[in-house]
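Structure file structure_39.txt (compact mmCIF, C-alpha atoms and all ligand atoms) follows.
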# COMPACT_ATOMS: atom_id res chain seq x y z
CA MET A 1 -0.41 -8.08 -18.56
CA ASN A 2 0.88 -5.53 -21.03
CA LEU A 3 4.61 -5.33 -20.70
CA PRO A 4 6.92 -2.71 -22.16
CA GLN A 5 7.98 -2.97 -25.78
CA LEU A 6 11.10 -5.05 -26.14
CA PRO A 7 14.06 -3.17 -27.55
CA GLN A 8 15.70 -4.57 -30.68
CA LEU A 9 17.96 -7.34 -29.42
CA PRO A 10 19.87 -10.28 -30.91
CA THR A 11 17.67 -13.36 -31.48
CA ALA A 12 19.02 -15.44 -28.58
CA ILE A 13 18.49 -12.61 -26.15
CA MET A 14 15.06 -11.93 -27.63
CA LEU A 15 14.13 -15.57 -27.02
CA SER A 16 15.12 -15.52 -23.36
CA ALA A 17 13.46 -12.13 -22.92
CA THR A 18 10.30 -13.55 -24.44
CA LEU A 19 10.41 -16.43 -21.97
CA ILE A 20 10.73 -13.96 -19.12
CA LEU A 21 7.86 -11.94 -20.57
CA SER A 22 5.81 -15.10 -20.72
CA ALA A 23 6.67 -15.97 -17.13
CA CYS A 24 5.54 -12.52 -16.09
CA GLY A 25 2.36 -12.52 -18.05
CA GLY A 26 3.44 -11.16 -21.41
CA GLY A 27 2.32 -12.68 -24.67
CA ASN A 28 -0.74 -14.90 -24.47
CA SER A 29 0.07 -16.77 -21.26
CA GLU A 30 -1.34 -16.14 -17.81
CA PRO A 31 0.93 -14.28 -15.40
CA LEU A 32 2.78 -16.39 -12.89
CA PRO A 33 0.79 -16.26 -9.67
CA LEU A 34 2.21 -14.43 -6.71
CA PRO A 35 3.59 -16.55 -3.86
CA SER A 36 1.07 -17.57 -1.22
CA LYS A 37 3.06 -15.69 1.45
CA LEU A 38 3.76 -12.09 0.50
CA VAL A 39 6.28 -9.44 1.41
CA ILE A 40 4.44 -6.19 0.65
CA GLY A 41 6.52 -3.04 0.30
CA HIS A 42 4.49 -0.52 2.33
CA ARG A 43 4.42 2.76 0.40
CA GLY A 44 7.48 1.29 -1.35
CA ALA A 45 10.47 0.77 0.91
CA SER A 46 9.46 3.72 3.04
CA ALA A 47 12.06 3.05 5.73
CA LEU A 48 14.75 3.59 3.09
CA ARG A 49 13.40 6.23 0.68
CA PRO A 50 10.68 8.91 0.94
CA GLU A 51 7.36 7.08 0.64
CA HIS A 52 5.31 6.74 -2.52
CA THR A 53 8.09 7.61 -4.95
CA ILE A 54 9.39 5.55 -7.84
CA ALA A 55 12.67 5.41 -5.92
CA ALA A 56 10.88 3.89 -2.91
CA TYR A 57 8.99 1.33 -5.02
CA THR A 58 12.13 0.44 -6.99
CA LYS A 59 14.11 -0.05 -3.79
CA ALA A 60 11.34 -2.26 -2.40
CA ILE A 61 11.46 -4.53 -5.45
CA GLU A 62 15.25 -4.65 -5.47
CA ILE A 63 15.43 -5.76 -1.83
CA GLY A 64 12.82 -8.47 -2.05
CA ALA A 65 9.25 -7.20 -2.05
CA ASP A 66 6.78 -9.39 -3.92
CA VAL A 67 4.29 -6.55 -4.09
CA ILE A 68 4.45 -2.74 -3.97
CA GLU A 69 1.74 -0.63 -2.36
CA PRO A 70 0.54 2.68 -3.81
CA ASP A 71 -2.05 4.63 -1.81
CA LEU A 72 -4.15 6.59 -4.31
CA VAL A 73 -5.76 10.02 -4.43
CA SER A 74 -7.01 12.10 -7.36
CA THR A 75 -5.76 15.24 -9.05
CA LYS A 76 -8.14 18.00 -10.22
CA ASP A 77 -8.01 16.59 -13.74
CA GLY A 78 -8.85 13.10 -12.59
CA VAL A 79 -5.46 11.37 -12.55
CA LEU A 80 -4.76 8.83 -9.83
CA VAL A 81 -1.50 9.63 -8.05
CA ALA A 82 0.33 7.92 -5.22
CA ARG A 83 -0.01 9.77 -1.91
CA HIS A 84 -1.19 8.64 1.51
CA GLU A 85 -3.37 11.74 1.94
CA ASN A 86 -4.93 14.23 -0.42
CA GLU A 87 -3.36 16.93 1.80
CA ILE A 88 0.23 16.94 0.60
CA SER A 89 2.22 19.37 2.73
CA GLY A 90 3.53 16.54 4.91
CA THR A 91 5.13 14.64 2.05
CA THR A 92 5.93 17.25 -0.61
CA ASN A 93 7.53 20.68 -0.90
CA VAL A 94 4.23 22.33 -1.86
CA ALA A 95 4.43 24.77 1.07
CA ASP A 96 7.70 26.15 -0.31
CA LYS A 97 6.25 26.96 -3.73
CA ALA A 98 5.22 30.61 -3.90
CA GLU A 99 3.08 30.04 -6.97
CA PHE A 100 0.84 27.72 -4.95
CA ALA A 101 0.62 29.80 -1.75
CA SER A 102 -2.95 30.89 -2.54
CA ARG A 103 -4.10 27.27 -2.83
CA LYS A 104 -3.69 26.73 0.90
CA THR A 105 -7.10 26.11 2.39
CA THR A 106 -9.03 24.26 5.09
CA LYS A 107 -11.41 21.41 4.32
CA LYS A 108 -13.28 18.76 6.22
CA ILE A 109 -11.89 15.38 5.20
CA ASP A 110 -13.59 12.31 6.66
CA GLY A 111 -15.12 14.51 9.36
CA ILE A 112 -11.86 16.15 10.39
CA SER A 113 -10.81 19.73 9.66
CA VAL A 114 -7.56 19.68 7.67
CA SER A 115 -5.51 22.70 6.55
CA GLY A 116 -3.02 22.64 3.71
CA TRP A 117 -2.81 21.89 0.01
CA PHE A 118 -4.99 19.23 -1.60
CA THR A 119 -4.33 17.10 -4.66
CA GLU A 120 -7.82 17.72 -6.00
CA ASP A 121 -6.94 21.42 -6.37
CA PHE A 122 -3.93 20.70 -8.61
CA THR A 123 -3.68 19.42 -12.15
CA LEU A 124 -1.29 16.57 -12.81
CA ALA A 125 1.05 19.02 -14.56
CA GLU A 126 1.13 21.11 -11.39
CA ILE A 127 1.59 18.06 -9.15
CA LYS A 128 4.53 17.07 -11.31
CA THR A 129 6.34 20.32 -10.40
CA LEU A 130 6.38 19.23 -6.75
CA ARG A 131 8.99 17.03 -5.12
CA ALA A 132 8.58 14.46 -2.37
CA LYS A 133 9.94 14.86 1.13
CA GLU A 134 10.28 12.47 4.06
CA ARG A 135 7.18 12.23 6.27
CA ILE A 136 8.98 11.33 9.52
CA PRO A 137 12.50 12.79 9.37
CA ALA A 138 12.90 12.42 13.15
CA ASN A 139 12.77 8.64 12.66
CA ARG A 140 14.31 8.54 9.19
CA PRO A 141 16.93 11.30 8.82
CA GLU A 142 18.69 9.34 6.06
CA ASN A 143 15.51 9.49 3.99
CA ALA A 144 15.36 13.25 4.43
CA LYS A 145 18.62 13.50 2.45
CA PHE A 146 16.51 12.59 -0.60
CA ASP A 147 14.07 15.47 0.00
CA GLY A 148 13.43 17.47 -3.14
CA GLN A 149 14.64 14.79 -5.56
CA PHE A 150 11.64 12.68 -6.51
CA GLU A 151 8.39 13.34 -8.36
CA ILE A 152 4.94 12.27 -7.22
CA PRO A 153 4.16 9.20 -9.36
CA THR A 154 0.94 8.39 -11.13
CA LEU A 155 -0.68 4.97 -10.80
CA GLN A 156 0.25 4.33 -14.41
CA GLU A 157 3.90 4.96 -13.61
CA VAL A 158 3.71 2.53 -10.69
CA ILE A 159 2.14 -0.11 -12.95
CA ASP A 160 4.82 0.51 -15.57
CA LEU A 161 7.51 0.03 -12.93
CA ALA A 162 5.97 -3.25 -11.75
CA LYS A 163 5.89 -4.51 -15.33
CA THR A 164 9.41 -3.37 -16.14
CA LYS A 165 10.79 -4.94 -12.97
CA SER A 166 8.84 -8.16 -13.62
CA TYR A 167 10.53 -8.26 -17.02
CA GLU A 168 13.98 -7.49 -15.59
CA THR A 169 13.86 -9.84 -12.61
CA GLY A 170 11.78 -12.72 -13.97
CA ARG A 171 9.59 -12.42 -10.87
CA THR A 172 5.98 -11.32 -10.96
CA ILE A 173 5.87 -8.02 -9.09
CA GLY A 174 2.38 -7.38 -7.77
CA ILE A 175 0.68 -4.11 -6.94
CA TYR A 176 -1.60 -3.35 -3.98
CA PRO A 177 -3.45 -0.08 -4.74
CA GLU A 178 -5.49 1.54 -1.95
CA THR A 179 -8.34 3.98 -2.51
CA LYS A 180 -7.79 6.81 -0.02
CA HIS A 181 -10.76 8.89 1.21
CA PRO A 182 -13.13 7.27 -1.31
CA SER A 183 -16.35 8.79 0.07
CA TYR A 184 -14.74 12.22 0.09
CA PHE A 185 -13.56 11.93 -3.51
CA LYS A 186 -17.01 10.74 -4.53
CA SER A 187 -18.51 13.81 -2.81
CA ILE A 188 -16.42 16.15 -4.98
CA ASN A 189 -17.21 14.31 -8.21
CA LEU A 190 -13.82 12.68 -8.49
CA PRO A 191 -14.74 9.08 -7.62
CA LEU A 192 -11.77 6.73 -7.56
CA GLU A 193 -13.31 3.32 -8.10
CA LYS A 194 -14.12 3.05 -11.79
CA ARG A 195 -10.97 4.89 -12.81
CA LEU A 196 -8.89 2.46 -10.78
CA VAL A 197 -10.60 -0.64 -12.14
CA ASP A 198 -10.56 0.66 -15.72
CA MET A 199 -6.86 1.40 -15.47
CA LEU A 200 -6.07 -2.02 -14.05
CA HIS A 201 -8.12 -3.75 -16.74
CA ALA A 202 -6.56 -1.60 -19.46
CA ASN A 203 -3.14 -2.70 -18.21
CA GLY A 204 -4.05 -6.35 -18.47
CA TYR A 205 -4.88 -7.10 -14.86
CA ARG A 206 -7.89 -9.39 -15.11
CA GLY A 207 -9.32 -12.31 -13.18
CA LYS A 208 -9.01 -13.76 -9.71
CA SER A 209 -5.32 -14.64 -10.00
CA ALA A 210 -4.02 -11.33 -11.31
CA PRO A 211 -1.08 -9.96 -9.30
CA VAL A 212 -3.07 -7.12 -7.77
CA PHE A 213 -5.04 -6.49 -4.57
CA ILE A 214 -7.46 -3.56 -4.40
CA GLN A 215 -7.78 -2.31 -0.82
CA SER A 216 -9.85 0.20 1.13
CA PHE A 217 -10.71 1.12 4.72
CA GLU A 218 -14.26 1.76 3.52
CA VAL A 219 -16.77 -0.98 2.73
CA SER A 220 -19.32 0.32 0.24
CA ASN A 221 -16.71 1.26 -2.33
CA LEU A 222 -15.23 -2.25 -2.22
CA LYS A 223 -18.70 -3.70 -2.77
CA GLU A 224 -19.04 -1.32 -5.71
CA ILE A 225 -15.66 -2.42 -7.06
CA ARG A 226 -16.66 -6.07 -6.75
CA LYS A 227 -19.45 -5.40 -9.25
CA LEU A 228 -16.87 -4.05 -11.70
CA THR A 229 -14.17 -6.70 -11.49
CA GLU A 230 -13.10 -10.16 -10.41
CA LEU A 231 -9.72 -8.83 -9.27
CA PRO A 232 -8.69 -9.65 -5.68
CA ILE A 233 -10.05 -7.25 -3.05
CA VAL A 234 -8.84 -6.71 0.52
CA GLN A 235 -10.89 -5.09 3.29
CA LEU A 236 -8.66 -3.01 5.53
CA LEU A 237 -9.43 -3.05 9.26
CA SER A 238 -8.40 -0.37 11.71
CA ALA A 239 -7.72 -1.11 15.38
CA ALA A 240 -10.29 1.52 16.35
CA GLY A 241 -13.30 3.34 14.97
CA GLN A 242 -15.49 2.53 12.01
CA PRO A 243 -15.38 2.86 8.21
CA GLU A 244 -16.02 6.42 7.04
CA ASP A 245 -18.89 5.33 4.80
CA PHE A 246 -20.56 3.72 7.84
CA ARG A 247 -20.22 7.00 9.76
CA LEU A 248 -21.68 8.96 6.88
CA THR A 249 -24.71 6.69 6.58
CA GLY A 250 -25.32 6.27 10.31
CA ASN A 251 -24.32 2.62 10.31
CA PRO A 252 -23.18 1.96 13.90
CA ARG A 253 -20.94 -1.01 13.08
CA SER A 254 -17.26 -0.73 13.92
CA TYR A 255 -14.11 -2.33 12.56
CA ALA A 256 -14.24 -4.59 15.62
CA ASP A 257 -17.67 -5.79 14.47
CA ILE A 258 -16.32 -6.50 10.98
CA ALA A 259 -13.44 -8.49 12.52
CA THR A 260 -15.77 -10.98 14.26
CA ALA A 261 -16.30 -14.44 12.76
CA ALA A 262 -19.73 -13.36 11.47
CA GLY A 263 -18.38 -10.07 10.17
CA LEU A 264 -15.61 -11.83 8.27
CA LEU A 265 -18.09 -14.18 6.61
CA GLU A 266 -19.86 -11.07 5.31
CA VAL A 267 -16.55 -9.60 4.11
CA ALA A 268 -16.02 -12.81 2.16
CA THR A 269 -19.09 -12.01 0.05
CA TYR A 270 -17.19 -9.18 -1.67
CA ALA A 271 -13.51 -9.53 -0.73
CA ASN A 272 -10.70 -12.06 -0.82
CA GLY A 273 -8.78 -10.94 2.22
CA VAL A 274 -8.42 -8.58 5.14
CA GLY A 275 -5.65 -6.15 5.95
CA PRO A 276 -5.87 -5.62 9.71
CA SER A 277 -3.76 -3.47 11.97
CA LYS A 278 -1.14 -5.83 13.37
CA ASP A 279 -2.51 -5.13 16.86
CA MET A 280 -5.76 -6.84 15.85
CA VAL A 281 -3.81 -10.01 15.12
CA ILE A 282 -1.42 -10.06 18.11
CA PRO A 283 -2.20 -7.31 20.62
CA ARG A 284 0.45 -5.92 22.92
CA ASN A 285 0.30 -6.93 26.60
CA ALA A 286 0.71 -4.71 29.66
CA GLU A 287 4.51 -4.69 29.17
CA ASN A 288 4.09 -3.55 25.54
CA ASN A 289 5.33 -6.91 24.30
CA LEU A 290 3.43 -9.13 21.90
CA GLY A 291 0.64 -10.87 23.77
CA THR A 292 -1.75 -13.66 22.85
CA PRO A 293 -3.01 -13.85 19.25
CA THR A 294 -6.69 -13.11 18.72
CA ASN A 295 -8.97 -15.39 16.71
CA LEU A 296 -8.75 -13.11 13.67
CA ILE A 297 -6.47 -15.34 11.57
CA ARG A 298 -8.47 -18.46 12.41
CA ASP A 299 -11.80 -16.78 11.65
CA ALA A 300 -10.56 -15.10 8.47
CA HIS A 301 -9.13 -18.34 7.15
CA ALA A 302 -12.39 -20.12 8.00
CA ALA A 303 -14.07 -17.51 5.78
CA LYS A 304 -11.45 -18.18 3.07
CA LEU A 305 -9.92 -14.75 3.47
CA VAL A 306 -6.17 -14.14 3.39
CA VAL A 307 -4.70 -12.01 6.18
CA HIS A 308 -2.14 -9.28 5.40
CA PRO A 309 -1.53 -7.15 8.53
CA TYR A 310 0.13 -3.70 8.60
CA THR A 311 2.54 -2.02 9.35
CA PHE A 312 5.85 -3.58 10.29
CA ARG A 313 8.54 -0.95 10.79
CA PRO A 314 12.16 -1.43 11.82
CA GLU A 315 12.75 1.52 14.16
CA ASN A 316 12.53 1.02 17.94
CA PRO A 317 9.43 3.18 18.59
CA PHE A 318 7.34 0.94 16.32
CA LEU A 319 8.46 -2.38 17.82
CA PRO A 320 7.34 -4.35 20.88
CA ALA A 321 9.37 -3.30 23.92
CA ASN A 322 11.37 -6.51 24.15
CA LEU A 323 12.41 -6.38 20.48
CA ARG A 324 13.96 -2.91 20.69
CA LYS A 325 17.75 -2.76 20.48
CA GLY A 326 20.53 -0.41 21.56
CA ASN A 327 19.17 2.85 22.91
CA ILE A 328 15.57 1.79 23.35
CA ALA A 329 14.44 5.43 23.58
CA SER A 330 16.05 6.28 20.24
CA LEU A 331 13.70 7.39 17.47
CA THR A 332 16.06 6.15 14.77
CA GLU A 333 17.78 3.01 16.03
CA ARG A 334 16.53 -0.27 14.67
CA GLY A 335 15.34 -3.23 16.66
CA ASP A 336 14.58 -6.83 15.76
CA LEU A 337 11.86 -6.44 13.14
CA ALA A 338 12.67 -9.89 11.75
CA ALA A 339 11.77 -11.45 15.10
CA GLU A 340 8.45 -9.60 15.16
CA LEU A 341 7.69 -10.78 11.63
CA LYS A 342 8.57 -14.39 12.45
CA ILE A 343 6.10 -14.33 15.34
CA PHE A 344 3.35 -13.14 13.00
CA LEU A 345 4.32 -15.66 10.33
CA ASN A 346 4.23 -18.46 12.89
CA ALA A 347 0.77 -17.23 13.91
CA GLY A 348 -0.38 -17.84 10.33
CA VAL A 349 -0.45 -14.54 8.44
CA ASP A 350 -0.38 -14.79 4.65
CA GLY A 351 1.85 -11.77 4.16
CA PHE A 352 2.61 -8.42 5.72
CA PHE A 353 3.03 -4.76 4.87
CA THR A 354 6.51 -3.63 5.84
CA ASP A 355 8.46 -0.40 5.49
CA ASP A 356 11.68 -2.41 5.06
CA PRO A 357 11.18 -5.29 2.61
CA SER A 358 14.80 -6.43 3.00
CA VAL A 359 14.11 -7.41 6.61
CA GLY A 360 10.77 -8.76 5.46
CA ARG A 361 12.45 -10.90 2.81
CA THR A 362 14.95 -12.27 5.33
CA ALA A 363 12.20 -13.15 7.79
CA MET A 364 10.01 -14.67 5.08
CA ASP A 365 12.82 -16.77 3.60
CA SER A 366 13.80 -18.00 7.03
CA TYR A 367 10.17 -18.90 7.78
CA LEU A 368 9.87 -20.71 4.45
CA GLY A 369 13.08 -22.61 5.14
CA LYS A 370 14.91 -21.05 2.22
CA LYS A 371 17.81 -19.81 4.33
O1 LIG A 401 -2.97 -0.39 3.35
C1 LIG A 401 -2.34 -1.07 4.39
C2 LIG A 401 -1.78 -0.04 5.24
O2 LIG A 401 -1.00 0.76 4.40
C3 LIG A 401 -2.90 0.76 5.83
O3 LIG A 401 -2.42 1.82 6.47
O4 LIG A 401 -2.47 4.23 6.67
O5 LIG A 401 -0.43 3.10 5.83
O6 LIG A 401 -2.45 3.28 4.41
P1 LIG A 401 -1.91 3.17 5.78
CA CA A 402 -2.01 1.90 2.53

What would you get if you wrote out this structure as structure tokens?
Amino acid sequence: MNLPQLPQLPTAIMLSATLILSACGGGNSEPLPLPSKLVIGHRGASALRPEHTIAAYTKAIEIGADVIEPDLVSTKDGVLVARHENEISGTTNVADKAEFASRKTTKKIDGISVSGWFTEDFTLAEIKTLRAKERIPANRPENAKFDGQFEIPTLQEVIDLAKTKSYETGRTIGIYPETKHPSYFKSINLPLEKRLVDMLHANGYRGKSAPVFIQSFEVSNLKEIRKLTELPIVQLLSAAGQPEDFRLTGNPRSYADIATAAGLLEVATYANGVGPSKDMVIPRNAENNLGTPTNLIRDAHAAKLVVHPYTFRPENPFLPANLRKGNIASLTERGDLAAELKIFLNAGVDGFFTDDPSVGRTAMDSYLGKK
């Protein structure tokens, strides 16, 4: 991996810094592999800072994430930036900017009519004038206090952060980039795949053990990516519906079909893991508590696929009924996320996407017998 230039330092400090660089993949050595069980900071530490900001990713690393997760969309001038959707009024102040009022429009994205402002209609310079805001202030009012403070980061800035923090902490900080709306971006001549792979390769991420996982809810673009790189790939699985590229091509198969033992063997021809909705791993029962695990972990492992379910959130509304705490109807109060995570770890998951990596770290360390 390319790591930032070392500042001029005394020789002894330079030597130890070089050792850290080496441990993190600097110099000529291979990067240290990521742990086999991963705490993945979902959109950063999105329970603690507005999602997909350098502040959110930094917080995630500081509180124990092994890996940070940028969702990726494209600007008009072809720069990959970190947003969950290409429509950005839910997570930025674009609607308050008079100079961009005329850019508001309605488009069909993945078969759904969406109104707002779209990254593909803005240059990076214009995107950089915007500021992030909290997506779900009703659940995360503390995050909303940061509204208006943080820029929208580019993928390169996220990579730079992972490298800098690897250097500073002596841990290898991985990245988990997701192509968002890949068929749509292809349809408007802003395909994501090659730009993503080229950028990863240019930053030194190469080979099967590199600290990166490329993810997508679509299938054909992951198969395309597999032809471009050996880097680890993860097929995302939704609890309902089918991949958008299947819908577009009239393929009737659903995510449920992909999650069968036979479907997972096919996934293993182009991917190294699956990222299922947590409900596909341990569904809720009639009381809205965690029920009986499905065969997904067993079947995925039989196909030599790792399993990284999403999304583990600390607030009561996102937790099983019996793990909620305090006022169970509260939108903001936190329940026992660590207990939920321990149940999934005991079921055999290889990592998890969580909005609060500090709770994730605690649960993981307890599971691993470190605390
Ligand atoms: O990528 C894993 C998880 O983040 C998928 O859900 O909608 O948060 O991107 P989403
Ligand atoms: Ca994601």

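Distance annotation: of A:Val234, A:Val197, A:Ile258, A:Ala329, the residue with the minimal separation from ligand CA 402 (chain A) is A:Val234; atom set is all atoms listed in the file.
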
Phe100 in chain A environment, 10 Å, all atoms listed in the file, sequence neighbours closer than 4 positions dropped, as a PyMOL selection string: chain A and resi 94-96+104+117+122+126

Each side padded by 4 Å, which centre and which edge lengths in Å (one decimal) define the axis-aligned box around the listed atoms of range 190-193 of chain A? Give them as JSON.
{"center_x": -13.3, "center_y": 8.0, "center_z": -8.0, "size_x": 11.0, "size_y": 17.4, "size_z": 8.9}

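Taking all atoms listed in the file into account, the protein and nucleic acid residues that come at most 8 Å from ligand LIG 401 (chain A) are His42, Arg43, Glu69, Asp71, His84, Glu178, Lys180, Gln215, Ser216, Phe217, Leu236, Gly275, Pro276, Ser277, Pro309, Tyr310, Thr311 and Phe353 of chain A.
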
Skipping near chain neighbours, those fewer than 4 positions away, what residues fall within 6 Å of range 241-248 of chain A using all atoms listed in the file, listed as an mmCIF file with C-alpha atoms, in the frame of the given file?
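Saved to out39.cif:
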data_model
loop_
_atom_site.group_PDB
_atom_site.id
_atom_site.type_symbol
_atom_site.label_atom_id
_atom_site.label_comp_id
_atom_site.auth_asym_id
_atom_site.auth_seq_id
_atom_site.Cartn_x
_atom_site.Cartn_y
_atom_site.Cartn_z
ATOM 1 C CA GLU A 218 -14.260 1.760 3.520
ATOM 2 C CA SER A 254 -17.260 -0.730 13.920
ATOM 3 C CA TYR A 255 -14.110 -2.330 12.560
#

Among the residues A:Gln235, A:Ser366, A:Thr292, A:Ser183, the one that comes closest to ligand CA 402 (chain A) [using all atoms listed in the file]: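 Checking each of A:Gln235, A:Ser366, A:Thr292, A:Ser183 against ligand CA 402 (chain A), counting all atoms listed in the file, the winner is A:Gln235.
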
Atomic distance CA of Thr269 in chain A - CA of Pro252 in chain A, expressed in Å with one decimal: 20.1 Å
